[in-house]
$ cat final37.pdb   # PDB, C-alpha atoms, pLDDT in the B column
ATOM      1  CA  MET I 114      19.284 -61.062 -46.205  1.00 70.00           C
ATOM      2  CA  LYS I 115      17.042 -62.696 -48.777  1.00 77.00           C
ATOM      3  CA  ASP I 116      14.346 -63.130 -46.136  1.00 80.00           C
ATOM      4  CA  PHE I 117      14.563 -59.436 -45.265  1.00 74.00           C
ATOM      5  CA  ILE I 118      14.045 -58.329 -48.884  1.00 71.00           C
ATOM      6  CA  THR I 119      11.166 -60.745 -49.333  1.00 77.00           C
ATOM      7  CA  LYS I 120       9.626 -59.510 -46.126  1.00 73.00           C
ATOM      8  CA  MET I 121       9.979 -55.866 -47.252  1.00 65.00           C
ATOM      9  CA  ILE I 122       8.366 -56.555 -50.635  1.00 67.00           C
ATOM     10  CA  ARG I 123       5.412 -58.366 -49.063  1.00 72.00           C
ATOM     11  CA  SER I 124       4.903 -55.880 -46.239  1.00 72.00           C
ATOM     12  CA  LYS I 125       2.110 -53.383 -46.436  1.00 69.00           C
ATOM     13  CA  PHE I 126       4.341 -50.343 -46.029  1.00 69.00           C
ATOM     14  CA  SER I 127       7.168 -51.340 -48.290  1.00 73.00           C
ATOM     15  CA  ILE I 128       9.880 -48.830 -49.134  1.00 76.00           C
ATOM     16  CA  ILE I 129       9.863 -50.051 -52.713  1.00 77.00           C
ATOM     17  CA  TYR I 130       6.149 -49.352 -53.061  1.00 80.00           C
ATOM     18  CA  LEU I 131       6.689 -45.969 -51.469  1.00 81.00           C
ATOM     19  CA  LEU I 132       9.404 -45.107 -53.994  1.00 87.00           C
ATOM     20  CA  LEU I 133       7.211 -46.335 -56.854  1.00 89.00           C
ATOM     21  CA  PHE I 134       4.311 -44.233 -55.603  1.00 91.00           C
ATOM     22  CA  ILE I 135       6.494 -41.103 -55.348  1.00 94.00           C
ATOM     23  CA  GLY I 136       7.822 -41.749 -58.852  1.00 96.00           C
ATOM     24  CA  ALA I 137       4.283 -42.135 -60.207  1.00 96.00           C
ATOM     25  CA  LEU I 138       3.241 -38.872 -58.559  1.00 96.00           C
ATOM     26  CA  TYR I 139       6.218 -37.083 -60.086  1.00 96.00           C
ATOM     27  CA  VAL I 140       5.425 -38.396 -63.571  1.00 96.00           C
ATOM     28  CA  LEU I 141       1.764 -37.474 -63.162  1.00 96.00           C
ATOM     29  CA  GLN I 142       2.666 -33.937 -62.168  1.00 96.00           C
ATOM     30  CA  GLU I 143       5.239 -33.449 -64.933  1.00 96.00           C
ATOM     31  CA  LYS I 144       3.250 -35.034 -67.758  1.00 95.00           C
ATOM     32  CA  ALA I 145      -0.351 -34.168 -66.891  1.00 94.00           C
ATOM     33  CA  ILE I 146      -0.842 -31.512 -64.226  1.00 95.00           C
ATOM     34  CA  MET I 147       1.871 -28.980 -65.093  1.00 95.00           C
ATOM     35  CA  PRO I 148       1.089 -28.891 -68.848  1.00 95.00           C
ATOM     36  CA  LEU I 149      -2.563 -28.271 -67.985  1.00 93.00           C
ATOM     37  CA  VAL I 150      -1.691 -25.466 -65.544  1.00 92.00           C
ATOM     38  CA  MET I 151       0.721 -23.865 -68.004  1.00 91.00           C
ATOM     39  CA  GLY I 152      -1.912 -24.034 -70.746  1.00 90.00           C
ATOM     40  CA  VAL I 153      -4.419 -22.216 -68.547  1.00 87.00           C
ATOM     41  CA  LEU I 154      -1.845 -19.573 -67.574  1.00 84.00           C
ATOM     42  CA  LYS I 155      -0.928 -18.916 -71.208  1.00 85.00           C
ATOM     43  CA  SER I 156      -4.568 -18.540 -72.196  1.00 83.00           C
ATOM     44  CA  ASP I 157      -6.507 -15.286 -71.982  1.00 77.00           C
ATOM     45  CA  LEU I 158      -8.488 -16.529 -69.006  1.00 75.00           C
ATOM     46  CA  PHE I 159      -6.716 -14.269 -66.489  1.00 73.00           C
ATOM     47  CA  PHE I 160      -6.420 -11.198 -68.711  1.00 70.00           C
ATOM     48  CA  GLU I 161      -9.123  -8.577 -68.720  1.00 63.00           C
ATOM     49  CA  LYS I 162      -9.848  -7.584 -72.259  1.00 58.00           C
ATOM     50  CA  PRO I 163     -10.030  -3.847 -72.808  1.00 56.00           C
ATOM     51  CA  ILE I 164     -13.566  -2.656 -73.351  1.00 58.00           C
ATOM     52  CA  GLU I 165     -12.529   0.204 -75.591  1.00 59.00           C
ATOM     53  CA  GLU I 166      -9.494   0.014 -77.821  1.00 59.00           C
ATOM     54  CA  ASN I 167      -9.221   3.763 -78.452  1.00 71.00           C
ATOM     55  CA  GLU I 168      -9.308   4.826 -74.812  1.00 71.00           C
ATOM     56  CA  PRO I 169      -6.416   7.191 -74.004  1.00 76.00           C
ATOM     57  CA  LEU I 170      -4.145   6.329 -71.103  1.00 83.00           C
ATOM     58  CA  GLY I 171      -2.262   8.567 -68.704  1.00 86.00           C
ATOM     59  CA  LYS I 172      -2.958  12.136 -67.672  1.00 87.00           C
ATOM     60  CA  LEU I 173      -5.782  13.700 -69.640  1.00 85.00           C
ATOM     61  CA  ASP I 174      -5.226  17.344 -70.474  1.00 83.00           C
ATOM     62  CA  GLU I 175      -8.667  17.827 -71.989  1.00 83.00           C
ATOM     63  CA  LYS I 176     -11.822  17.254 -69.992  1.00 83.00           C
ATOM     64  CA  THR I 177     -14.339  14.921 -71.597  1.00 82.00           C
ATOM     65  CA  GLU I 178     -17.962  14.187 -70.884  1.00 86.00           C
ATOM     66  CA  ARG I 179     -16.973  10.896 -69.260  1.00 85.00           C
ATOM     67  CA  THR I 180     -14.427  12.522 -66.942  1.00 84.00           C
ATOM     68  CA  GLY I 181     -17.103  15.016 -65.937  1.00 86.00           C
ATOM     69  CA  TYR I 182     -19.401  12.188 -64.897  1.00 89.00           C
ATOM     70  CA  ALA I 183     -16.482  10.501 -63.151  1.00 88.00           C
ATOM     71  CA  LEU I 184     -15.930  13.733 -61.205  1.00 88.00           C
ATOM     72  CA  LEU I 185     -19.602  13.900 -60.189  1.00 89.00           C
ATOM     73  CA  ASN I 186     -19.520  10.330 -58.877  1.00 89.00           C
ATOM     74  CA  CYS I 187     -16.249  11.043 -57.141  1.00 89.00           C
ATOM     75  CA  ARG I 188     -17.743  14.097 -55.427  1.00 86.00           C
ATOM     76  CA  ASP I 189     -20.622  11.994 -54.112  1.00 85.00           C
ATOM     77  CA  ALA I 190     -18.147   9.450 -52.740  1.00 85.00           C
ATOM     78  CA  VAL I 191     -16.069  12.204 -51.125  1.00 83.00           C
ATOM     79  CA  LYS I 192     -19.189  13.609 -49.438  1.00 83.00           C
ATOM     80  CA  LYS I 193     -20.035  10.182 -48.036  1.00 81.00           C
ATOM     81  CA  GLU I 194     -16.534   9.104 -47.005  1.00 79.00           C
ATOM     82  CA  GLY I 195     -15.395  12.462 -45.663  1.00 71.00           C
ATOM     83  CA  ASP I 196     -18.565  13.170 -43.682  1.00 68.00           C
ATOM     84  CA  LEU I 197     -18.652  16.630 -45.236  1.00 73.00           C
ATOM     85  CA  ASP I 198     -21.400  19.024 -44.314  1.00 69.00           C
ATOM     86  CA  ASP I 199     -23.544  20.822 -46.864  1.00 69.00           C
ATOM     87  CA  ASN I 200     -21.445  24.003 -46.856  1.00 72.00           C
ATOM     88  CA  ALA I 201     -18.388  22.180 -48.257  1.00 77.00           C
ATOM     89  CA  GLU I 202     -17.429  23.811 -51.543  1.00 81.00           C
ATOM     90  CA  PHE I 203     -15.890  21.665 -54.249  1.00 82.00           C
ATOM     91  CA  LEU I 204     -13.281  23.533 -56.282  1.00 80.00           C
ATOM     92  CA  ASP I 205     -13.632  21.562 -59.480  1.00 76.00           C
ATOM     93  CA  GLY I 206     -12.523  24.224 -61.925  1.00 79.00           C
ATOM     94  CA  ASN I 207      -9.110  22.697 -62.404  1.00 80.00           C
ATOM     95  CA  TYR I 208      -9.452  19.058 -61.452  1.00 86.00           C
ATOM     96  CA  GLU I 209      -6.924  16.586 -62.807  1.00 90.00           C
ATOM     97  CA  THR I 210      -7.786  13.261 -64.398  1.00 91.00           C
ATOM     98  CA  TRP I 211      -5.747  10.200 -65.252  1.00 90.00           C
ATOM     99  CA  ALA I 212      -7.140   7.408 -67.405  1.00 88.00           C
ATOM    100  CA  LEU I 213      -5.910   4.095 -66.010  1.00 86.00           C
ATOM    101  CA  GLY I 214      -7.417   1.842 -68.687  1.00 81.00           C
ATOM    102  CA  ASN I 215     -10.516  -0.334 -68.812  1.00 81.00           C
ATOM    103  CA  ARG I 216     -12.747   2.669 -68.033  1.00 84.00           C
ATOM    104  CA  GLN I 217     -10.971   3.363 -64.758  1.00 88.00           C
ATOM    105  CA  TYR I 218     -10.087   6.938 -63.770  1.00 90.00           C
ATOM    106  CA  LEU I 219      -8.170   8.710 -61.035  1.00 92.00           C
ATOM    107  CA  ILE I 220      -9.607  12.133 -60.200  1.00 91.00           C
ATOM    108  CA  ARG I 221      -7.762  14.709 -58.082  1.00 91.00           C
ATOM    109  CA  SER I 222      -9.332  17.952 -56.938  1.00 88.00           C
ATOM    110  CA  ARG I 223      -9.922  20.170 -53.891  1.00 86.00           C
ATOM    111  CA  VAL I 224     -12.692  20.812 -51.428  1.00 84.00           C
ATOM    112  CA  ARG I 225     -12.979  23.932 -49.247  1.00 82.00           C
ATOM    113  CA  LEU I 226     -14.217  23.323 -45.719  1.00 80.00           C
ATOM    114  CA  VAL I 227     -15.148  25.680 -42.911  1.00 77.00           C
ATOM    115  CA  ASP I 228     -13.612  24.554 -39.633  1.00 74.00           C
ATOM    116  CA  PRO I 229     -14.908  26.419 -36.553  1.00 76.00           C
ATOM    117  CA  GLU I 230     -11.438  26.409 -34.995  1.00 78.00           C
ATOM    118  CA  LYS I 231      -9.211  26.992 -38.026  1.00 75.00           C
ATOM    119  CA  GLY I 232     -11.542  28.867 -40.349  1.00 76.00           C
ATOM    120  CA  GLN I 233     -11.515  28.014 -44.045  1.00 80.00           C
ATOM    121  CA  LEU I 234      -9.181  25.289 -45.184  1.00 79.00           C
ATOM    122  CA  GLU I 235      -8.737  23.361 -48.383  1.00 81.00           C
ATOM    123  CA  LYS I 236      -8.208  19.638 -48.612  1.00 82.00           C
ATOM    124  CA  LEU I 237      -6.960  17.730 -51.580  1.00 86.00           C
ATOM    125  CA  TYR I 238      -8.813  14.578 -52.415  1.00 86.00           C
ATOM    126  CA  ALA I 239      -8.190  11.795 -54.859  1.00 89.00           C
ATOM    127  CA  CYS I 240     -10.721   9.281 -55.984  1.00 91.00           C
ATOM    128  CA  THR I 241     -10.526   6.214 -58.178  1.00 92.00           C
ATOM    129  CA  VAL I 242     -13.691   5.359 -60.085  1.00 92.00           C
ATOM    130  CA  ARG I 243     -14.557   2.817 -62.714  1.00 91.00           C
ATOM    131  CA  MET I 244     -17.370   2.826 -65.213  1.00 88.00           C
ATOM    132  CA  THR I 245     -18.927  -0.628 -65.051  1.00 86.00           C
ATOM    133  CA  GLY I 246     -22.152  -0.037 -66.952  1.00 83.00           C
ATOM    134  CA  GLU I 247     -22.966   1.336 -70.369  1.00 82.00           C
ATOM    135  CA  ASP I 248     -24.735   4.598 -69.447  1.00 85.00           C
ATOM    136  CA  GLN I 249     -22.126   7.041 -68.197  1.00 82.00           C
ATOM    137  CA  ALA I 250     -24.800   9.456 -66.936  1.00 84.00           C
ATOM    138  CA  ASP I 251     -26.260   6.814 -64.608  1.00 85.00           C
ATOM    139  CA  PRO I 252     -24.569   6.779 -61.165  1.00 84.00           C
ATOM    140  CA  ALA I 253     -25.307   3.040 -60.930  1.00 87.00           C
ATOM    141  CA  SER I 254     -22.937   2.544 -63.872  1.00 87.00           C
ATOM    142  CA  TRP I 255     -19.991   3.722 -61.778  1.00 89.00           C
ATOM    143  CA  SER I 256     -18.203   2.013 -58.925  1.00 90.00           C
ATOM    144  CA  ILE I 257     -15.985   3.809 -56.430  1.00 89.00           C
ATOM    145  CA  LEU I 258     -12.685   2.018 -55.885  1.00 90.00           C
ATOM    146  CA  GLY I 259     -11.178   4.358 -53.321  1.00 88.00           C
ATOM    147  CA  VAL I 260     -11.134   7.864 -51.816  1.00 88.00           C
ATOM    148  CA  ASP I 261      -8.193   9.583 -50.154  1.00 86.00           C
ATOM    149  CA  PHE I 262      -7.895  12.960 -48.404  1.00 80.00           C
ATOM    150  CA  ASN I 263      -4.746  15.022 -47.944  1.00 77.00           C
ATOM    151  CA  PRO I 264      -4.305  18.432 -46.294  1.00 62.00           C
ATOM    152  CA  GLU I 265      -3.231  21.330 -48.471  1.00 56.00           C
ATOM    153  CA  PRO I 266       0.573  21.657 -48.403  1.00 58.00           C
ATOM    154  CA  ASN I 267       1.851  24.897 -46.861  1.00 55.00           C
TER     155      ASN I 267
END

$ encode --input "final37.pdb" --output "structure tokens"
Amino acid sequence: MKDFITKMIRSKFSIIYLLLFIGALYVLQEKAIMPLVMGVLKSDLFFEKPIEENEPLGKLDEKTERTGYALLNCRDAVKKEGDLDDNAEFLDGNYETWALGNRQYLIRSRVRLVDPEKGQLEKLYACTVRMTGEDQADPASWSILGVDFNPEPN
């Protein structure tokens, strides 16, 4: 039995060395790696700081200059994504806007289309836009995050 233990200790792939290695890995993870990971997670590294502190959130009842520019950029995106022809009429008189935070907006409105088979029909569209630059009048300062079309409910 003594020869077996001596042979196991001197062998290259010893179970004792394996257990010691696993124990060392466990201690390294618990004492060095996990505290570092938890420190990074608790930091502000993964949180996007708000650009404007006084920005309202939720549904906006009053139209602002910024939501008007958001609507214009949204209309351009709807024209591109929906392959709308030039006679499409945007019904923007009563569009709805939600401020999502960090200069991101959800715009919902309607567009009137002329279909040769069905005649005139209205489609609802929703668009999510985000102001990434500083000049709200510049279309390059806006990025389109998504466009969605829905038929008018009957």

$ resolve_selection --input "final37.pdb" --expression "the PyMOL selection byres ((chain I and resi 207) around 10)" --output "PyMOL selection string"
chain I and resi 176+204-206+208-210+221-223

$ closest_residue --input "final37.pdb" --among "I:Leu185, I:Ile118, I:Leu133, I:Leu154" --to "Gln249 in chain I" --atoms "all atoms listed in the file"
I:Leu185

$ closest_residue --input "final37.pdb" --among "I:Leu170, I:Met114, I:Ala212, I:Ala201" --to "Leu226 in chain I" --atoms "all atoms listed in the file"
I:Ala201

$ resolve_selection --input "final37.pdb" --expression "the PyMOL selection byres ((chain I and resi 231-243) around 10)" --output "PyMOL selection string"
chain I and resi 180+183-184+186-188+190-191+195+201-204+208-230+244-246+254-266

$ atom_distance --input "final37.pdb" --atom1 "CA of Pro252 in chain I" --atom2 "CA of Gly181 in chain I"
12.1 Å

$ atom_distance --input "final37.pdb" --atom1 "CA of Asp189 in chain I" --atom2 "CA of Ala253 in chain I"
12.2 Å

$ decode --input "final37.pdb" --residues "range 151-201 of chain I" --atoms "N, CA and C atoms" --output "short mmCIF file (atom, residue, chain, number, x, y, z; two decimals), in the first residue's frame"
data_model
loop_
_atom_site.label_atom_id
_atom_site.label_comp_id
_atom_site.auth_asym_id
_atom_site.auth_seq_id
_atom_site.Cartn_x
_atom_site.Cartn_y
_atom_site.Cartn_z
N MET I 151 -17.40 41.53 -9.74
CA MET I 151 -18.46 42.21 -9.00
C MET I 151 -18.18 43.71 -8.89
N GLY I 152 -16.93 44.09 -8.78
CA GLY I 152 -16.58 45.51 -8.75
C GLY I 152 -16.91 46.20 -10.06
N VAL I 153 -16.66 45.53 -11.17
CA VAL I 153 -16.99 46.11 -12.48
C VAL I 153 -18.50 46.20 -12.64
N LEU I 154 -19.24 45.18 -12.22
CA LEU I 154 -20.70 45.21 -12.34
C LEU I 154 -21.32 46.30 -11.49
N LYS I 155 -20.78 46.57 -10.33
CA LYS I 155 -21.32 47.60 -9.45
C LYS I 155 -20.94 49.01 -9.90
N SER I 156 -19.97 49.12 -10.76
CA SER I 156 -19.55 50.44 -11.24
C SER I 156 -20.56 50.96 -12.27
N ASP I 157 -20.36 52.17 -12.71
CA ASP I 157 -21.24 52.79 -13.70
C ASP I 157 -20.83 52.47 -15.13
N LEU I 158 -19.99 51.50 -15.32
CA LEU I 158 -19.48 51.17 -16.63
C LEU I 158 -20.58 50.72 -17.59
N PHE I 159 -21.56 49.97 -17.10
CA PHE I 159 -22.61 49.43 -17.96
C PHE I 159 -23.87 50.28 -17.98
N PHE I 160 -23.90 51.38 -17.26
CA PHE I 160 -25.07 52.23 -17.23
C PHE I 160 -24.86 53.44 -18.12
N GLU I 161 -25.87 53.71 -18.94
CA GLU I 161 -25.79 54.87 -19.82
C GLU I 161 -26.28 56.07 -19.04
N LYS I 162 -25.44 57.04 -18.90
CA LYS I 162 -25.82 58.23 -18.16
C LYS I 162 -26.80 59.05 -19.00
N PRO I 163 -27.83 59.57 -18.36
CA PRO I 163 -28.77 60.39 -19.11
C PRO I 163 -28.09 61.67 -19.60
N ILE I 164 -28.40 62.04 -20.82
CA ILE I 164 -27.79 63.22 -21.41
C ILE I 164 -28.45 64.47 -20.85
N GLU I 165 -29.75 64.40 -20.64
CA GLU I 165 -30.48 65.54 -20.12
C GLU I 165 -31.25 65.11 -18.89
N GLU I 166 -31.05 65.79 -17.81
CA GLU I 166 -31.71 65.41 -16.56
C GLU I 166 -33.18 65.81 -16.54
N ASN I 167 -33.54 66.89 -17.23
CA ASN I 167 -34.90 67.39 -17.16
C ASN I 167 -35.80 66.88 -18.29
N GLU I 168 -35.38 65.86 -18.97
CA GLU I 168 -36.16 65.32 -20.07
C GLU I 168 -37.38 64.58 -19.53
N PRO I 169 -38.59 64.94 -20.02
CA PRO I 169 -39.79 64.24 -19.53
C PRO I 169 -39.84 62.82 -20.09
N LEU I 170 -40.48 61.95 -19.35
CA LEU I 170 -40.63 60.56 -19.79
C LEU I 170 -42.11 60.24 -19.93
N GLY I 171 -42.41 59.27 -20.77
CA GLY I 171 -43.79 58.84 -20.96
C GLY I 171 -44.44 59.55 -22.12
N LYS I 172 -45.76 59.47 -22.18
CA LYS I 172 -46.50 60.08 -23.28
C LYS I 172 -46.47 61.59 -23.13
N LEU I 173 -46.14 62.24 -24.23
CA LEU I 173 -46.06 63.70 -24.25
C LEU I 173 -47.35 64.26 -24.82
N ASP I 174 -48.05 65.04 -24.03
CA ASP I 174 -49.30 65.63 -24.49
C ASP I 174 -49.04 66.85 -25.36
N GLU I 175 -47.99 67.58 -25.06
CA GLU I 175 -47.66 68.78 -25.83
C GLU I 175 -46.56 68.46 -26.83
N LYS I 176 -46.73 68.98 -28.03
CA LYS I 176 -45.71 68.80 -29.06
C LYS I 176 -44.60 69.81 -28.83
N THR I 177 -43.37 69.36 -28.97
CA THR I 177 -42.22 70.25 -28.82
C THR I 177 -41.49 70.34 -30.15
N GLU I 178 -40.53 71.23 -30.20
CA GLU I 178 -39.73 71.37 -31.42
C GLU I 178 -38.97 70.07 -31.71
N ARG I 179 -38.47 69.44 -30.65
CA ARG I 179 -37.71 68.20 -30.83
C ARG I 179 -38.60 67.07 -31.34
N THR I 180 -39.82 66.96 -30.82
CA THR I 180 -40.71 65.90 -31.32
C THR I 180 -41.13 66.16 -32.75
N GLY I 181 -41.18 67.42 -33.15
CA GLY I 181 -41.45 67.74 -34.55
C GLY I 181 -40.34 67.26 -35.46
N TYR I 182 -39.10 67.48 -35.04
CA TYR I 182 -37.97 66.97 -35.83
C TYR I 182 -37.92 65.45 -35.81
N ALA I 183 -38.29 64.87 -34.68
CA ALA I 183 -38.35 63.40 -34.61
C ALA I 183 -39.38 62.87 -35.59
N LEU I 184 -40.52 63.56 -35.70
CA LEU I 184 -41.56 63.16 -36.64
C LEU I 184 -41.07 63.26 -38.09
N LEU I 185 -40.35 64.33 -38.41
CA LEU I 185 -39.83 64.49 -39.77
C LEU I 185 -38.87 63.35 -40.14
N ASN I 186 -37.98 63.01 -39.21
CA ASN I 186 -37.05 61.91 -39.47
C ASN I 186 -37.78 60.58 -39.54
N CYS I 187 -38.82 60.45 -38.76
CA CYS I 187 -39.61 59.23 -38.79
C CYS I 187 -40.35 59.10 -40.13
N ARG I 188 -40.87 60.20 -40.63
CA ARG I 188 -41.55 60.18 -41.93
C ARG I 188 -40.59 59.74 -43.04
N ASP I 189 -39.37 60.26 -43.00
CA ASP I 189 -38.39 59.85 -44.01
C ASP I 189 -38.11 58.35 -43.93
N ALA I 190 -38.01 57.83 -42.70
CA ALA I 190 -37.76 56.39 -42.54
C ALA I 190 -38.95 55.57 -43.01
N VAL I 191 -40.17 56.07 -42.77
CA VAL I 191 -41.37 55.36 -43.20
C VAL I 191 -41.43 55.32 -44.73
N LYS I 192 -41.06 56.44 -45.37
CA LYS I 192 -41.04 56.46 -46.84
C LYS I 192 -40.07 55.43 -47.39
N LYS I 193 -38.90 55.33 -46.76
CA LYS I 193 -37.89 54.38 -47.24
C LYS I 193 -38.29 52.94 -46.96
N GLU I 194 -38.72 52.66 -45.74
CA GLU I 194 -39.00 51.28 -45.34
C GLU I 194 -40.30 50.76 -45.94
N GLY I 195 -41.28 51.65 -46.13
CA GLY I 195 -42.57 51.21 -46.62
C GLY I 195 -42.69 51.25 -48.12
N ASP I 196 -41.64 51.68 -48.81
CA ASP I 196 -41.68 51.82 -50.27
C ASP I 196 -42.92 52.58 -50.70
N LEU I 197 -43.16 53.72 -50.07
CA LEU I 197 -44.33 54.53 -50.38
C LEU I 197 -44.07 55.40 -51.60
N ASP I 198 -45.10 55.55 -52.41
CA ASP I 198 -44.95 56.42 -53.56
C ASP I 198 -45.14 57.88 -53.15
N ASP I 199 -44.98 58.77 -54.08
CA ASP I 199 -44.99 60.20 -53.77
C ASP I 199 -46.38 60.71 -53.40
N ASN I 200 -47.44 60.00 -53.77
CA ASN I 200 -48.78 60.49 -53.45
C ASN I 200 -49.26 60.03 -52.08
N ALA I 201 -48.39 59.41 -51.28
CA ALA I 201 -48.76 59.02 -49.92
C ALA I 201 -48.89 60.30 -49.09
#
